[in-house]
file final26.cif (mmCIF, C-alpha atoms and all ligand atoms)
data_query
loop_
_atom_site.label_atom_id
_atom_site.label_comp_id
_atom_site.auth_asym_id
_atom_site.auth_seq_id
_atom_site.Cartn_x
_atom_site.Cartn_y
_atom_site.Cartn_z
CA MET G 173 29.65 -26.06 -6.33
CA GLU G 174 29.04 -25.10 -9.94
CA ASP G 175 25.90 -23.19 -9.08
CA SER G 176 27.77 -20.60 -7.09
CA ALA G 177 29.59 -19.55 -10.26
CA ILE G 178 26.29 -18.40 -11.80
CA PRO G 179 25.81 -14.74 -10.88
CA GLN G 180 22.60 -14.05 -8.96
CA LYS G 181 19.92 -11.94 -10.62
CA TYR G 182 18.20 -9.12 -8.73
CA ILE G 183 15.77 -6.32 -9.24
CA ILE G 184 15.78 -3.06 -7.33
CA SER G 185 12.32 -2.31 -5.93
CA ILE G 186 11.63 1.28 -4.95
CA ASP G 187 8.80 2.44 -2.74
CA LEU G 188 8.37 6.15 -3.42
CA GLY G 189 6.41 7.80 -0.63
CA GLY G 190 5.45 11.31 0.43
CA THR G 191 8.17 11.49 3.07
CA LYS G 192 10.62 8.71 2.30
CA ILE G 193 12.05 6.59 -0.48
CA LEU G 194 12.88 2.95 0.24
CA ALA G 195 15.00 1.01 -2.26
CA SER G 196 15.69 -2.73 -1.88
CA LEU G 197 17.71 -5.33 -3.75
CA VAL G 198 15.49 -8.37 -3.97
CA ASN G 199 14.98 -11.72 -5.71
CA SER G 200 12.74 -14.77 -5.19
CA GLY G 201 15.41 -17.01 -3.69
CA GLU G 202 17.11 -14.69 -1.21
CA GLY G 203 14.30 -12.25 -0.47
CA ILE G 204 15.45 -8.75 0.43
CA LEU G 205 19.25 -8.60 0.32
CA MET G 206 19.66 -4.99 1.38
CA SER G 207 17.63 -1.76 1.67
CA VAL G 208 18.44 1.95 1.68
CA LYS G 209 16.03 4.56 2.99
CA LYS G 210 16.25 8.30 2.23
CA SER G 211 14.11 11.32 2.95
CA THR G 212 12.23 12.75 -0.03
CA LYS G 213 12.27 16.17 1.60
CA ASP G 214 15.75 17.05 0.34
CA LYS G 215 15.15 20.65 -0.87
CA SER G 216 18.10 20.71 -3.29
CA LEU G 217 16.32 18.12 -5.46
CA LYS G 218 13.22 20.33 -5.91
CA GLY G 219 10.94 17.32 -6.27
CA ASP G 220 13.19 15.77 -8.94
CA TYR G 221 12.21 12.21 -8.12
CA ALA G 222 14.21 10.69 -11.00
CA THR G 223 17.48 12.12 -9.66
CA LEU G 224 16.54 11.08 -6.13
CA CYS G 225 15.83 7.51 -7.28
CA ALA G 226 19.08 7.38 -9.26
CA ALA G 227 21.10 8.55 -6.23
CA THR G 228 19.39 5.99 -3.96
CA ILE G 229 20.06 3.18 -6.46
CA LYS G 230 23.74 4.16 -6.66
CA GLU G 231 24.04 4.15 -2.86
CA LEU G 232 22.27 0.77 -2.61
CA LEU G 233 24.59 -0.84 -5.17
CA ALA G 234 27.71 0.64 -3.56
CA SER G 235 26.83 -0.54 -0.05
CA SER G 236 25.68 -4.02 -1.15
CA GLY G 237 28.68 -4.70 -3.38
CA VAL G 238 26.32 -6.24 -5.96
CA ASN G 239 27.53 -5.81 -9.52
CA GLU G 240 25.46 -3.64 -11.88
CA THR G 241 25.21 -6.50 -14.38
CA SER G 242 23.24 -8.60 -11.83
CA VAL G 243 20.44 -6.01 -11.72
CA LYS G 244 17.79 -6.77 -14.32
CA ALA G 245 15.23 -4.03 -13.63
CA VAL G 246 14.21 -1.16 -11.39
CA CYS G 247 10.55 -1.33 -10.26
CA LEU G 248 8.90 1.78 -8.84
CA GLY G 249 5.82 1.71 -6.62
CA ILE G 250 3.97 5.03 -6.90
CA PRO G 251 1.20 6.28 -4.58
CA GLY G 252 -1.00 7.47 -7.42
CA SER G 253 -2.33 6.69 -10.88
CA VAL G 254 0.24 5.33 -13.28
CA ASN G 255 0.34 3.88 -16.78
CA PRO G 256 2.77 0.95 -16.52
CA HIS G 257 3.12 0.80 -20.34
CA THR G 258 4.16 4.41 -20.95
CA GLY G 259 5.75 5.02 -17.53
CA ILE G 260 3.73 8.18 -16.97
CA ILE G 261 2.52 9.10 -13.49
CA GLY G 262 -0.91 10.69 -14.02
CA ILE G 263 -1.56 12.10 -10.56
CA ALA G 264 0.31 11.40 -7.33
CA PRO G 265 -1.05 13.90 -4.77
CA ASN G 266 1.38 12.93 -1.96
CA LEU G 267 4.35 13.46 -4.27
CA ASN G 268 2.82 16.61 -5.73
CA ILE G 269 3.37 15.44 -9.30
CA ARG G 270 1.14 15.25 -12.34
CA ASN G 271 1.77 13.92 -15.87
CA TYR G 272 5.39 13.06 -15.27
CA ASN G 273 7.21 10.40 -17.29
CA ILE G 274 9.44 9.00 -14.56
CA LYS G 275 10.33 5.94 -16.65
CA GLU G 276 11.92 8.18 -19.31
CA GLU G 277 13.56 10.60 -16.85
CA LEU G 278 15.02 7.87 -14.63
CA GLY G 279 15.96 5.80 -17.69
CA LYS G 280 18.34 8.60 -18.76
CA GLN G 281 20.24 8.28 -15.48
CA ILE G 282 20.57 4.52 -14.94
CA PRO G 283 21.49 1.56 -17.16
CA PHE G 284 18.49 -0.63 -16.13
CA PRO G 285 14.97 -1.06 -17.55
CA VAL G 286 12.51 1.00 -15.45
CA LEU G 287 9.03 -0.34 -14.61
CA ILE G 288 6.33 1.48 -12.69
CA GLU G 289 3.10 0.45 -10.98
CA ASN G 290 0.67 1.86 -8.42
CA ASP G 291 1.95 0.98 -4.94
CA VAL G 292 -1.13 -0.95 -3.78
CA ASN G 293 -1.26 -2.87 -7.08
CA LEU G 294 2.38 -3.72 -6.52
CA ALA G 295 1.60 -4.87 -2.97
CA ALA G 296 -1.24 -7.01 -4.37
CA LEU G 297 1.18 -8.62 -6.83
CA GLY G 298 3.69 -9.31 -4.03
CA ILE G 299 1.07 -10.71 -1.65
CA HIS G 300 -0.42 -12.90 -4.37
CA LYS G 301 2.89 -14.38 -5.51
CA PHE G 302 4.64 -14.76 -2.16
CA GLU G 303 1.81 -15.39 0.33
CA PHE G 304 -1.24 -16.81 -1.46
CA SER G 305 -0.19 -18.05 -4.89
CA LYS G 306 -1.00 -21.73 -4.33
CA THR G 307 -4.69 -21.50 -3.58
CA VAL G 308 -5.82 -18.03 -4.55
CA LYS G 309 -7.27 -17.04 -7.93
CA ASN G 310 -9.48 -14.06 -7.21
CA MET G 311 -8.19 -11.72 -4.55
CA LEU G 312 -8.83 -8.24 -3.24
CA VAL G 313 -6.06 -6.46 -1.33
CA VAL G 314 -7.02 -3.46 0.78
CA PHE G 315 -4.51 -1.19 2.53
CA VAL G 316 -5.87 1.02 5.29
CA GLY G 317 -3.65 3.82 6.58
CA THR G 318 -3.48 7.50 5.69
CA GLY G 319 -5.96 6.66 2.94
CA ILE G 320 -7.52 3.43 1.66
CA GLY G 321 -6.24 1.73 -1.49
CA GLY G 322 -7.17 -1.50 -3.20
CA GLY G 323 -5.66 -3.96 -5.64
CA LEU G 324 -7.60 -6.54 -7.67
CA VAL G 325 -6.32 -9.92 -8.82
CA PHE G 326 -8.54 -11.97 -11.13
CA ASP G 327 -7.56 -15.45 -12.31
CA GLY G 328 -4.12 -14.84 -10.82
CA LYS G 329 -3.54 -11.65 -12.82
CA LEU G 330 -3.58 -8.03 -11.71
CA TYR G 331 -6.64 -6.17 -13.02
CA ARG G 332 -5.67 -2.60 -13.91
CA GLY G 333 -8.88 -1.36 -15.56
CA SER G 334 -9.38 0.48 -18.86
CA SER G 335 -7.37 3.53 -17.88
CA PHE G 336 -5.27 2.06 -15.08
CA PHE G 337 -7.09 3.22 -11.96
CA ALA G 338 -8.98 0.07 -11.00
CA GLY G 339 -8.85 -0.64 -7.28
CA GLU G 340 -9.45 2.95 -6.07
CA MET G 341 -11.68 1.63 -3.32
CA GLY G 342 -11.02 4.60 -1.07
CA HIS G 343 -13.23 6.78 -3.22
CA ILE G 344 -16.35 4.64 -3.29
CA LEU G 345 -19.19 6.76 -1.93
CA VAL G 346 -20.40 5.75 1.53
CA ASP G 347 -22.32 8.84 2.68
CA LYS G 348 -23.02 11.80 0.42
CA ASN G 349 -23.26 14.06 3.49
CA GLY G 350 -20.04 12.71 5.00
CA PRO G 351 -16.71 14.47 5.60
CA VAL G 352 -14.80 16.01 2.69
CA CYS G 353 -12.29 13.65 1.06
CA GLY G 354 -8.85 14.49 -0.31
CA CYS G 355 -10.30 13.99 -3.81
CA GLY G 356 -12.76 16.85 -3.32
CA GLN G 357 -15.91 14.73 -3.00
CA LYS G 358 -17.83 14.21 0.23
CA GLY G 359 -18.25 10.98 2.15
CA CYS G 360 -15.78 8.71 0.33
CA PHE G 361 -14.87 5.41 2.03
CA GLU G 362 -11.42 6.71 3.03
CA ALA G 363 -12.83 9.98 4.39
CA ILE G 364 -14.86 7.82 6.80
CA ALA G 365 -12.77 4.74 7.62
CA SER G 366 -9.04 5.45 7.09
CA ARG G 367 -6.68 6.05 10.02
CA THR G 368 -6.79 9.74 9.09
CA ALA G 369 -10.59 9.71 9.48
CA ILE G 370 -10.43 7.85 12.82
CA VAL G 371 -7.80 10.28 14.10
CA ASN G 372 -9.82 13.32 12.93
CA ASN G 373 -12.82 12.05 14.91
CA ILE G 374 -10.71 11.39 18.02
CA VAL G 375 -9.03 14.82 17.84
CA ARG G 376 -12.42 16.54 17.51
CA GLU G 377 -13.70 14.80 20.67
CA ILE G 378 -10.54 15.60 22.64
CA LYS G 379 -10.73 19.25 21.59
CA SER G 380 -14.35 19.37 22.73
CA GLY G 381 -13.15 18.43 26.20
CA LYS G 382 -13.40 14.60 26.33
CA LYS G 383 -10.67 12.75 28.24
CA SER G 384 -8.50 10.28 26.33
CA LYS G 385 -5.12 8.54 26.63
CA LEU G 386 -4.31 10.30 23.36
CA SER G 387 -4.91 13.83 24.78
CA LYS G 388 -1.19 14.41 25.38
CA ILE G 389 -0.34 13.76 21.73
CA VAL G 390 -3.08 16.13 20.60
CA GLU G 391 -2.02 18.82 23.09
CA ALA G 392 1.57 18.54 21.84
CA LYS G 393 0.15 19.06 18.32
CA GLU G 394 1.70 15.79 17.20
CA GLN G 395 0.15 13.25 14.84
CA ILE G 396 -1.62 10.20 16.27
CA LYS G 397 0.05 7.26 14.53
CA SER G 398 -1.37 3.73 14.22
CA LYS G 399 0.85 2.43 17.03
CA ALA G 400 -0.33 5.10 19.49
CA LEU G 401 -3.90 4.27 18.54
CA ALA G 402 -3.22 0.56 19.20
CA ASN G 403 -1.73 1.37 22.62
CA ALA G 404 -4.74 3.50 23.58
CA ILE G 405 -7.11 0.70 22.50
CA ALA G 406 -5.11 -1.86 24.52
CA GLU G 407 -5.42 0.40 27.57
CA GLY G 408 -9.19 0.53 27.13
CA ASP G 409 -9.44 4.12 25.89
CA LYS G 410 -13.15 4.63 25.16
CA ILE G 411 -12.77 7.29 22.47
CA ALA G 412 -10.12 5.36 20.54
CA ILE G 413 -12.22 2.18 20.78
CA LYS G 414 -15.42 3.94 19.70
CA HIS G 415 -14.03 5.51 16.52
CA THR G 416 -11.87 2.53 15.50
CA THR G 417 -14.88 0.23 15.96
CA SER G 418 -17.08 2.42 13.84
CA ALA G 419 -14.43 2.54 11.07
CA ALA G 420 -14.04 -1.26 11.25
CA LYS G 421 -17.80 -1.68 10.75
CA VAL G 422 -17.70 0.52 7.64
CA ILE G 423 -14.68 -1.41 6.30
CA GLY G 424 -16.53 -4.73 6.77
CA MET G 425 -19.63 -3.33 5.10
CA MET G 426 -17.62 -2.04 2.13
CA LEU G 427 -15.76 -5.34 1.71
CA ALA G 428 -19.09 -7.20 1.77
CA SER G 429 -20.56 -4.90 -0.90
CA VAL G 430 -17.56 -5.27 -3.20
CA ASN G 431 -17.48 -9.03 -2.58
CA ASN G 432 -21.18 -9.32 -3.42
CA LEU G 433 -20.28 -7.81 -6.79
CA LEU G 434 -17.02 -9.66 -7.52
CA ASN G 435 -16.98 -12.90 -5.45
CA PHE G 436 -13.37 -13.17 -4.26
CA ASP G 437 -11.89 -16.31 -2.73
CA THR G 438 -9.58 -14.20 -0.54
CA ILE G 439 -9.58 -10.65 0.80
CA VAL G 440 -6.26 -9.51 2.29
CA LEU G 441 -5.96 -6.50 4.55
CA GLY G 442 -2.81 -4.52 5.20
CA GLY G 443 -1.51 -1.01 5.88
CA GLY G 444 -0.52 0.80 9.06
CA LEU G 445 -3.91 0.76 10.77
CA VAL G 446 -4.48 -2.99 10.26
CA GLU G 447 -0.89 -3.95 11.02
CA ALA G 448 -0.79 -2.13 14.38
CA ASN G 449 -4.33 -3.06 15.43
CA GLU G 450 -4.90 -6.46 13.81
CA LYS G 451 -6.12 -8.32 16.92
CA PHE G 452 -8.68 -5.65 17.68
CA ILE G 453 -9.80 -4.60 14.23
CA LEU G 454 -9.81 -7.82 12.17
CA PRO G 455 -12.57 -9.61 14.16
CA LEU G 456 -14.73 -6.45 13.98
CA ILE G 457 -14.24 -6.19 10.23
CA LYS G 458 -15.08 -9.89 9.86
CA GLU G 459 -18.26 -9.55 11.92
CA SER G 460 -19.47 -6.64 9.81
CA PHE G 461 -18.39 -8.42 6.61
CA ASP G 462 -20.49 -11.45 7.54
CA LYS G 463 -23.47 -9.28 8.46
CA PHE G 464 -23.58 -7.37 5.17
CA SER G 465 -22.64 -10.24 2.83
CA LEU G 466 -25.27 -12.09 0.83
CA LYS G 467 -26.10 -15.36 2.59
CA SER G 468 -23.39 -18.03 2.21
CA THR G 469 -21.08 -15.82 0.10
CA ALA G 470 -19.04 -14.68 3.12
CA ALA G 471 -18.37 -18.29 4.13
CA ASN G 472 -16.60 -18.87 0.81
CA THR G 473 -14.28 -15.91 1.20
CA ILE G 474 -11.21 -15.92 3.42
CA LEU G 475 -10.50 -12.65 5.21
CA ALA G 476 -6.85 -12.36 6.31
CA ALA G 477 -4.12 -9.85 7.12
CA THR G 478 -0.87 -9.80 5.15
CA ARG G 479 2.35 -10.79 6.92
CA LEU G 480 4.54 -8.91 4.44
CA GLY G 481 3.91 -5.42 5.84
CA ASP G 482 5.78 -2.67 3.99
CA ASN G 483 7.69 -5.31 2.06
CA ALA G 484 4.60 -6.42 0.08
CA ALA G 485 5.20 -3.76 -2.60
CA ILE G 486 8.97 -4.45 -2.58
CA PHE G 487 8.30 -8.13 -3.37
CA GLY G 488 5.68 -7.07 -5.95
CA GLY G 489 8.48 -5.77 -8.16
CA ILE G 490 9.45 -9.39 -8.91
CA PRO G 491 6.17 -10.44 -10.60
CA LEU G 492 6.02 -7.01 -12.30
CA ALA G 493 9.45 -7.59 -13.87
CA GLU G 494 8.43 -11.13 -14.81
CA GLU G 495 5.25 -9.80 -16.48
CA PHE G 496 6.81 -6.93 -18.45
CA LEU G 497 10.30 -8.27 -19.20
CA GLU G 498 9.52 -12.00 -19.33
CA ILE G 499 12.41 -12.88 -17.03
CA LYS G 500 12.66 -15.00 -13.87
CA ILE G 501 14.11 -13.22 -10.87
ZN ZN H 1 -12.49 10.61 -2.31
#

call {"tool": "encode", "arguments": {"input": "final26.cif", "output": "structure tokens"}}
result
Amino acid sequence: MEDSAIPQKYIISIDLGGTKILASLVNSGEGILMSVKKSTKDKSLKGDYATLCAATIKELLASSGVNETSVKAVCLGIPGSVNPHTGIIGIAPNLNIRNYNIKEELGKQIPFPVLIENDVNLAALGIHKFEFSKTVKNMLVVFVGTGIGGGLVFDGKLYRGSSFFAGEMGHILVDKNGPVCGCGQKGCFEAIASRTAIVNNIVREIKSGKKSKLSKIVEAKEQIKSKALANAIAEGDKIAIKHTTSAAKVIGMMLASVNNLLNFDTIVLGGGLVEANEKFILPLIKESFDKFSLKSTAANTILAATRLGDNAAIFGGIPLAEEFLEIKI
């Protein structure tokens, strides 16, 4: 076959998180060819994320056997505010970095163009292109986990805002007397309805003496993860059900408010909390969404969960490269 003589083109998508870095070789035709995961806690690197990325890329290429010349770009997903044009990370609290030009620093160490984007924006790009591209024009993507992040797609294009922080849904004010948020304000959406918020409420009740299937985890001073929460809900744990239900109601209310403003055709939910608890949480969110939506608007908006999971942002590197480098991957 003549086609097999044409070398395949790939990008390397990197998901840079607070505890781990995930790098994947990916293209539209083959999907994810290979991934390498590393801890970001390596002390010898002293938070030098460019060097860490470069080392991970090298390892990925060596173990995949893919030739350097087949790689057309490296796309970084960053949990924070980024300027995709300059390559500067403004603030990324989980990575403990501020005003850092990772595009320039990483560019010195690798022979590929470097592109960066906020991780939820990247997930929105991936979900739009690979799950909903045919029918969807105006889409909101919301990831609920440690925090709550959003990505906006209008007329099929990512909306980044005037200074690149559009989509920060987690910091919309819900209750000015609510719990303190990571951003310093009180009562933000994510301080009330993220997995972290649900877990904080559950831990408080357990510590005050209430019985729960999650008591053992709390007593062992371990973190309650989304999966453990899902198991407790499946076993009928009243405390887990109570706080997850109340968060789901707030999520539905918030989605309705934002949809009343922006009129999406599709709202896609993802992130650890939704992924592990979809059967329980999605109907509750939908019910609350319908209740707080303007009449008939909710009926025109599809509410769904993504099937791409953690790979949404990895796939998002493909449309990002296509947008900035005008290439087909
Ligand atoms: Zn906040």

call {"tool": "residues_around", "arguments": {"input": "final26.cif", "residues": "Thr368 of chain G", "least_positions_apart": "5", "cutoff": "10 Å", "atoms": "only C-alpha atoms", "output": "list in words"}}
result
Val316, Gly317, Thr318, Gly319, Ile320, Glu362, Ala363, Asn373, Ile374, Gln395, Ile396, Lys397, Ser398 and Leu445 of chain G

call {"tool": "closest_residue", "arguments": {"input": "final26.cif", "among": "G:Thr417, G:Asn483, G:Asn293, G:Asn431", "to": "Ile204 of chain G", "atoms": "all atoms listed in the file"}}
result
G:Asn483

call {"tool": "residues_around", "arguments": {"input": "final26.cif", "residues": "segment 296-304 of chain G", "least_positions_apart": "2", "cutoff": "6 Å", "atoms": "only C-alpha atoms", "output": "list of chain:residue names"}}
result
G:Asn293, G:Leu294, G:Lys306, G:Val308, G:Val313, G:Gly323, G:Ala484, G:Ala485, G:Phe487, G:Gly488

call {"tool": "residues_near_ligand", "arguments": {"input": "final26.cif", "ligand": "ligand ZN 1 (chain H)", "cutoff": "7 Å", "atoms": "only C-alpha atoms and all ligand atoms", "output": "ChimeraX atom specification"}}
result
/G:342-343,353-358,360,362-363

call {"tool": "closest_residue", "arguments": {"input": "final26.cif", "among": "G:Ala369, G:Leu287, G:Met206, G:Cys225", "to": "Phe496 of chain G", "atoms": "only C-alpha atoms"}}
result
G:Leu287

call {"tool": "residues_near_point", "arguments": {"input": "final26.cif", "point": "(-14.3, -11.1, 3.2)", "cutoff": "7 Å", "atoms": "only C-alpha atoms", "output": "NGL selection string"}}
result
:G and (427-428 or 431 or 438-439 or 458 or 461 or 470 or 473-475)

call {"tool": "write_last_selection", "arguments": {"input": "final26.cif", "atoms": "C-alpha atoms", "output": "PDB file, in the frame of the given file"}}
result
ATOM      1  CA  LEU G 427     -15.760  -5.340   1.710  1.00  0.00           C
ATOM      2  CA  ALA G 428     -19.090  -7.200   1.770  1.00  0.00           C
ATOM      3  CA  ASN G 431     -17.480  -9.030  -2.580  1.00  0.00           C
ATOM      4  CA  THR G 438      -9.580 -14.200  -0.540  1.00  0.00           C
ATOM      5  CA  ILE G 439      -9.580 -10.650   0.800  1.00  0.00           C
ATOM      6  CA  LYS G 458     -15.080  -9.890   9.860  1.00  0.00           C
ATOM      7  CA  PHE G 461     -18.390  -8.420   6.610  1.00  0.00           C
ATOM      8  CA  ALA G 470     -19.040 -14.680   3.120  1.00  0.00           C
ATOM      9  CA  THR G 473     -14.280 -15.910   1.200  1.00  0.00           C
ATOM     10  CA  ILE G 474     -11.210 -15.920   3.420  1.00  0.00           C
ATOM     11  CA  LEU G 475     -10.500 -12.650   5.210  1.00  0.00           C
TER      12      LEU G 475
END

call {"tool": "closest_residue", "arguments": {"input": "final26.cif", "among": "G:Thr191, G:Asn449, G:Asn290, G:Thr241", "to": "Lys213 of chain G", "atoms": "only C-alpha atoms"}}
result
G:Thr191

call {"tool": "residues_around", "arguments": {"input": "final26.cif", "residues": "Leu401 of chain G", "least_positions_apart": "6", "cutoff": "10 Å", "atoms": "only C-alpha atoms", "output": "ChimeraX atom specification"}}
result
/G:367,370-371,374,385-386,407,409,412-413,416,445,448-449

call {"tool": "atom_distance", "arguments": {"input": "final26.cif", "atom1": "atom CA of Ile263 of chain G", "atom2": "atom CA of Lys210 of chain G"}}
result
22.3 Å
